[in-house]
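Below is one structure, written out as structure tokens; comments come after it.
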Number of protein chains: 2
Amino acid sequence: MAPTKARQAKLKAMTYENAGVSIEAGEELLRTIKPMVRKTFNDRVLTDIGGFGGLFDARFPEMKFPVLVSSTDGVGTKIKIAIEAHRHETVGQDLVNHCVNDILVCGAKPLFFLDYFGCGKLETYIAESVISGVAKACEENGCALIGGETAELPGIYLHEDYDLAGTIVGIAERERMFSRESVREGDVLIGLPSTGLHTNGYSLARKALLSRFTLNTLPTLLGGETIGEVLLRVHRSYLRPIQSLLERFNPGTDIHALSHITGGGIVGNTSRVVPGGLALEVDWDAWPRPPIFKLIQETGKISEIEMRRTFNLGIGLILLVPPALADAVQSALSECGEKPVSMGRVIRKT
Amino acid sequence: MAPTKARQAKLKAMTYENAGVSIEAGEELLRTIKPMVRKTFNDRVLTDIGGFGGLFDARFPEMKFPVLVSSTDGVGTKIKIAIEAHRHETVGQDLVNHCVNDILVCGAKPLFFLDYFGCGKLETYIAESVISGVAKACEENGCALIGGETAELPGIYLHEDYDLAGTIVGIAERERMFSRESVREGDVLIGLPSTGLHTNGYSLARKALLSRFTLNTLPTLLGGETIGEVLLRVHRSYLRPIQSLLERFNPGTDIHALSHITGGGIVGNTSRVVPGGLALEVDWDAWPRPPIFKLIQETGKISEIEMRRTFNLGIGLILLVPPALADAVQSALSECGEKPVSMGRVIRKT
């Protein structure tokens, strides 16, 4: 039943807009991000932006047994650092690269990505920064940004806060996938450097550092960078070096397994690809621990055990390689411009 | 550098746990949801829960040109109703069914789903309720719940607040997909009833209703149900009736297009599948408008125009059908237990 004219005149008409959902802001955002998103498209994308669903060619005639490999993730409380530092360009890249690495360690290369951006009030400049980072990293990883959702949830998110999640779908040839069944006693752990915390341990890092410093503090230990800059360093993608490695070495026989070092640290994550009966022996002094981790540990008085199970400590990806091939794999990685470190081995459980 | 023993003794050791991330709660949750998640698996799922990526068989030998159709969505501020009503079982179903409908209107059937649950502090009973709803709806729609992420973000979400997003990936035969190019002048709009607001317009509905009522109010108009119950009714999936219809009618020739009525309402969404030069003529009196919409409109003094562009008003899915087949399609839908309504047609733009 429609209200009477008299009552309508007395009360400010209630609209979706003044209930906290800005349709215009959403349309403005769509206009701005459209060209960035379109740059990620390739000839397998069968859709345009704004449809009900993203369409992607699912024919893989060159493959014997194609397997879709997918993963959903967020960037954790690193988002809080981005919000506090008013720097929103990097978390989108963190999100994509994290997801790329998660499917890479299964043996998959990215096909497409979809993002979810939830906020209290859509500030287009923030959403634009974040999503341009998503698009940038998608382009870098040859991954089509085929869909996404921007949601305004006044009352769930405060002020300019937001959360960000994403889903990647990639493809792998089944017989070229990594599996922990290949891992043997004696396998060498070859680590590739991280750029910093990547996307893990930010709750602890914030608690440790921000009770004493601000994001603008320039501690001597960090050699000229602010805490905010170091904490916001982009989670790197390991797609290029691993893809190039797999042109010369076979997954399963030459490279037994890969491990992406996220929450749970080096041992927590690498144990997931080690079969029962075997364990890891990590040489914790094999690589220089980046100063940011020393700063977090000192400032927060955090035990070494806690540091190891929370942070990547400078290693973002680990390859498990038979000892006979360890040198060749390290050389090949060095040729790609990587700085691989031999950092331990697989041992029998005692 | 490790802190000295003396200083360690003075300060409470800082751990990831007391920085607000409960590893144990996460593990408890994983244990509880594992059996529910596993029930959604089928023989195309090549993975187990807890790996870096979810694996799904990508061979579609029975198809000529398989197309992956994907969509990411959230449930909007319906989540706020669930939180305020302390009823968390239904939003997970809303999320999945919404996504199922979004790819269904392209002509795709679901393959797999991944969810993202972000919260301030992981209350396992809440997360379990939500994710069990996700799993239930996945099972009902024959969709494998192949991955997910549960993230604790203290400082982004308050108290027991959370947000929920999900991504669906489905498959369609390219030549059996719907496209707006098939839509013709004279096509009949056949609407299928919604169960309520589905997942759209909750910001406006809350503002209108909750300034005067509580979620426990039993307005005469709702005939024995509380406002909370009616607002939390599950967004239904239209997969079964449409799949059964497509056994007898062909997409493109017999059924020209489908439209899922979400934010933007009947005209906003259905216009997306109507080619340029054509427009919609909706007979707004063709179906009984459910009482909840009358209550929202009256209480909030909302204009009819605003109601139409915000809410589904009782119609959740619309089929665009050539006039010669309209009766046959309606009969077929009625045989599936649906209550289809002829609610307008496609006209030439004036």
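Here, A, B, ... name the chains of the structure tokens in the order displayed, residue numbers run from 1 inside each chain, and ligands are numbered from 1 in the same displayed order.
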
Near region 196-213 of chain B, 6 Å: region 65-184 of chain B residue rows, closest pairs, only C-alpha atoms, as JSON lines:
{"residue": "B:Val75", "atom": "CA", "partner": "B:Thr199", "partner_atom": "CA", "distance": 5.6}
{"residue": "B:Thr77", "atom": "CA", "partner": "B:Tyr202", "partner_atom": "CA", "distance": 5.5}
{"residue": "B:Lys78", "atom": "CA", "partner": "B:Tyr202", "partner_atom": "CA", "distance": 5.6}

Take the residues that were just selected and, keeping N, CA and C atoms, output them as an mmCIF file, in the first residue's frame.
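Saved result, part32.cif, follows:
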data_model
loop_
_atom_site.group_PDB
_atom_site.id
_atom_site.type_symbol
_atom_site.label_atom_id
_atom_site.label_comp_id
_atom_site.auth_asym_id
_atom_site.auth_seq_id
_atom_site.Cartn_x
_atom_site.Cartn_y
_atom_site.Cartn_z
ATOM 1 N N VAL B 75 26.374 -11.817 0.502
ATOM 2 C CA VAL B 75 24.941 -11.783 0.790
ATOM 3 C C VAL B 75 24.496 -10.407 1.249
ATOM 4 N N THR B 77 23.828 -6.913 3.244
ATOM 5 C CA THR B 77 23.526 -6.653 4.653
ATOM 6 C C THR B 77 22.487 -7.609 5.238
ATOM 7 N N LYS B 78 22.083 -8.619 4.470
ATOM 8 C CA LYS B 78 21.280 -9.695 5.066
ATOM 9 C C LYS B 78 22.065 -10.323 6.216
#

Residues at most 7 Å from Ser194 (chain B), counting only C-alpha atoms, excluding those fewer than 6 positions away in the same chain, as a PyMOL selection string?
chain B and resi 236+314-316

May I have the selected residues written with C-alpha atoms, as a compact mmCIF listing (two decimals), in the first residue's frame?
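This went into out.txt:
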# COMPACT_ATOMS: atom_id res chain seq x y z
CA ARG B 236 15.94 -20.01 -3.40
CA GLY B 314 8.06 -11.43 -5.20
CA ILE B 315 9.64 -12.50 -8.51
CA GLY B 316 13.10 -14.12 -8.32

Residues of chain B no more than 6 Å from chain A, counting only C-alpha atoms: send them over as JSON, numbers by chain.
{"B": [1, 3, 14, 16, 19, 52, 53, 54, 55, 56, 57, 58, 66, 67, 68, 69, 70, 71, 72, 73, 77, 102, 103, 148, 149, 153, 203, 204, 294, 298, 301, 302]}

Record the distance separating CA of Pro323 (chain A) and CA of Met177 (chain A), expressed in Å with one decimal.
20.3 Å

Write down as a ChimeraX atom specification the residues belonging to region 99-320 of chain A that are assigned strand (DSSP E) by DSSP computed on the backbone.
/A:109-119,144-152,162-173,188-193,257-260,278-282,315-320

Could you name the residues that touch Ile242 (chain A) at 10 Å or less, counting only C-alpha atoms, but leaving out those on the same chain fewer than 2 positions away, as a ChimeraX atom specification?
/A:101,104-105,107,237-240,244-247,249,258,319,333,336

I'd like to know which residues of region 65-171 of chain A are helix (DSSP H, G or I) (by DSSP, run on the backbone); could you write them as a ChimeraX atom specification?
/A:78-85,90-104,124-140

Can I get the selected residues back with C-alpha atoms, as a JSON list (two decimals), in the first residue's frame?
[["chain", "number", "residue", "atom", "x", "y", "z"],
["A", 78, "LYS", "CA", 47.76, -6.83, 6.27],
["A", 79, "ILE", "CA", 44.63, -4.98, 5.17],
["A", 80, "LYS", "CA", 44.72, -3.08, 8.45],
["A", 81, "ILE", "CA", 48.24, -1.81, 7.64],
["A", 82, "ALA", "CA", 47.09, -0.68, 4.20],
["A", 83, "ILE", "CA", 44.14, 1.17, 5.74],
["A", 84, "GLU", "CA", 46.25, 2.79, 8.47],
["A", 85, "ALA", "CA", 48.96, 3.80, 5.97],
["A", 90, "THR", "CA", 49.54, -3.25, -2.89],
["A", 91, "VAL", "CA", 46.99, -5.45, -1.09],
["A", 92, "GLY", "CA", 45.31, -6.34, -4.38],
["A", 93, "GLN", "CA", 48.65, -7.60, -5.68],
["A", 94, "ASP", "CA", 49.24, -9.51, -2.43],
["A", 95, "LEU", "CA", 45.90, -11.24, -2.85],
["A", 96, "VAL", "CA", 46.48, -12.37, -6.43],
["A", 97, "ASN", "CA", 50.10, -13.42, -5.94],
["A", 98, "HIS", "CA", 49.19, -15.39, -2.81],
["A", 99, "CYS", "CA", 46.52, -17.29, -4.75],
["A", 100, "VAL", "CA", 48.86, -17.83, -7.73],
["A", 101, "ASN", "CA", 51.44, -19.42, -5.42],
["A", 102, "ASP", "CA", 48.82, -21.61, -3.74],
["A", 103, "ILE", "CA", 47.88, -23.29, -7.00],
["A", 104, "LEU", "CA", 51.45, -23.18, -8.34],
["A", 124, "THR", "CA", 35.75, 4.92, -5.06],
["A", 125, "TYR", "CA", 39.39, 6.05, -4.77],
["A", 126, "ILE", "CA", 40.10, 3.27, -2.28],
["A", 127, "ALA", "CA", 38.25, 0.56, -4.19],
["A", 128, "GLU", "CA", 39.91, 1.74, -7.40],
["A", 129, "SER", "CA", 43.39, 1.51, -5.84],
["A", 130, "VAL", "CA", 42.72, -1.94, -4.47],
["A", 131, "ILE", "CA", 41.17, -3.36, -7.63],
["A", 132, "SER", "CA", 43.84, -1.79, -9.86],
["A", 133, "GLY", "CA", 46.36, -3.77, -7.78],
["A", 134, "VAL", "CA", 44.31, -6.92, -8.37],
["A", 135, "ALA", "CA", 44.23, -6.19, -12.12],
["A", 136, "LYS", "CA", 47.97, -5.38, -12.25],
["A", 137, "ALA", "CA", 48.94, -8.66, -10.62],
["A", 138, "CYS", "CA", 46.46, -10.60, -12.76],
["A", 139, "GLU", "CA", 48.08, -9.13, -15.86],
["A", 140, "GLU", "CA", 51.58, -9.96, -14.57]]

Nearest to Lys339 (chain A) among A:Gly276, A:Pro219, A:Gly252, A:Gly191, with distances taken over only C-alpha atoms: which residue is it?
A:Gly191

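For the pair CA of Gly344 (chain B) and CA of Val188 (chain B), the separation is 6.0 Å.
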
Can you tell me which residues surround Arg184 (chain B) at a distance of at most 12 Å, considering only C-alpha atoms, apart from same-chain residues fewer than 6 positions away, and format the answer as a short mmCIF file (atom, residue, chain, number, x, y, z; two decimals) with N, CA and C atoms, in the first residue's frame?
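Final output, around_8.cif:
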data_model
loop_
_atom_site.label_atom_id
_atom_site.label_comp_id
_atom_site.auth_asym_id
_atom_site.auth_seq_id
_atom_site.Cartn_x
_atom_site.Cartn_y
_atom_site.Cartn_z
N GLY B 252 17.85 -20.48 -26.26
CA GLY B 252 18.10 -19.76 -27.50
C GLY B 252 16.87 -19.74 -28.38
N THR B 253 16.42 -20.95 -28.82
CA THR B 253 15.25 -20.99 -29.70
C THR B 253 13.93 -21.00 -28.92
N ASP B 254 13.82 -21.85 -27.89
CA ASP B 254 12.56 -21.97 -27.14
C ASP B 254 12.51 -21.01 -25.94
N ILE B 255 13.58 -20.99 -25.20
CA ILE B 255 13.70 -20.06 -24.07
C ILE B 255 14.76 -19.03 -24.50
N HIS B 256 14.36 -17.81 -24.70
CA HIS B 256 15.31 -16.83 -25.25
C HIS B 256 16.35 -16.37 -24.23
N ALA B 257 15.91 -16.11 -23.03
CA ALA B 257 16.86 -15.65 -22.01
C ALA B 257 16.26 -15.82 -20.63
N VAL B 273 19.34 -8.41 -20.29
CA VAL B 273 19.26 -9.47 -21.31
C VAL B 273 18.37 -9.06 -22.49
N VAL B 274 18.06 -7.76 -22.59
CA VAL B 274 17.21 -7.28 -23.69
C VAL B 274 18.07 -6.43 -24.63
N PRO B 275 18.06 -6.73 -25.94
CA PRO B 275 18.92 -6.00 -26.87
C PRO B 275 18.49 -4.54 -27.02
N GLY B 276 19.39 -3.70 -27.48
CA GLY B 276 19.09 -2.29 -27.73
C GLY B 276 17.91 -2.15 -28.67
N GLY B 277 17.08 -1.12 -28.46
CA GLY B 277 15.92 -0.93 -29.32
C GLY B 277 14.67 -1.56 -28.72
N LEU B 278 14.88 -2.51 -27.79
CA LEU B 278 13.72 -3.15 -27.16
C LEU B 278 13.66 -2.74 -25.68
N ALA B 279 12.48 -2.87 -25.11
CA ALA B 279 12.29 -2.50 -23.71
C ALA B 279 11.31 -3.48 -23.06
N LEU B 280 11.06 -3.27 -21.78
CA LEU B 280 10.18 -4.19 -21.04
C LEU B 280 8.87 -3.51 -20.70
N LEU B 320 12.33 -15.28 -20.60
CA LEU B 320 11.85 -14.56 -21.78
C LEU B 320 11.59 -15.58 -22.88
N VAL B 321 10.32 -15.72 -23.25
CA VAL B 321 9.88 -16.85 -24.06
C VAL B 321 9.07 -16.34 -25.25
N PRO B 322 9.24 -16.92 -26.45
CA PRO B 322 8.42 -16.51 -27.59
C PRO B 322 6.94 -16.79 -27.29
N PRO B 323 6.04 -15.90 -27.73
CA PRO B 323 4.62 -16.02 -27.36
C PRO B 323 4.02 -17.39 -27.69
N ARG B 345 5.78 -8.26 -21.27
CA ARG B 345 6.38 -8.67 -22.54
C ARG B 345 7.47 -7.70 -22.97
N VAL B 346 8.17 -8.10 -24.01
CA VAL B 346 9.22 -7.26 -24.58
C VAL B 346 8.59 -6.41 -25.67
N ILE B 347 8.80 -5.11 -25.59
CA ILE B 347 8.20 -4.20 -26.59
C ILE B 347 9.30 -3.40 -27.29
N ARG B 348 8.90 -2.77 -28.39
CA ARG B 348 9.82 -1.87 -29.08
C ARG B 348 9.95 -0.60 -28.25
#

Considering only C-alpha atoms, can you say which of B:Leu325, B:Val341, B:Gln243, B:Thr262 comes closest to Pro288 (chain B)?
B:Val341

For the atom pair CA of Lys349 (chain B) and CA of Gln330 (chain B), what is the interatomic distance in Å to one decimal place?
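Going from CA of Lys349 (chain B) over to CA of Gln330 (chain B), I get 26.2 Å.
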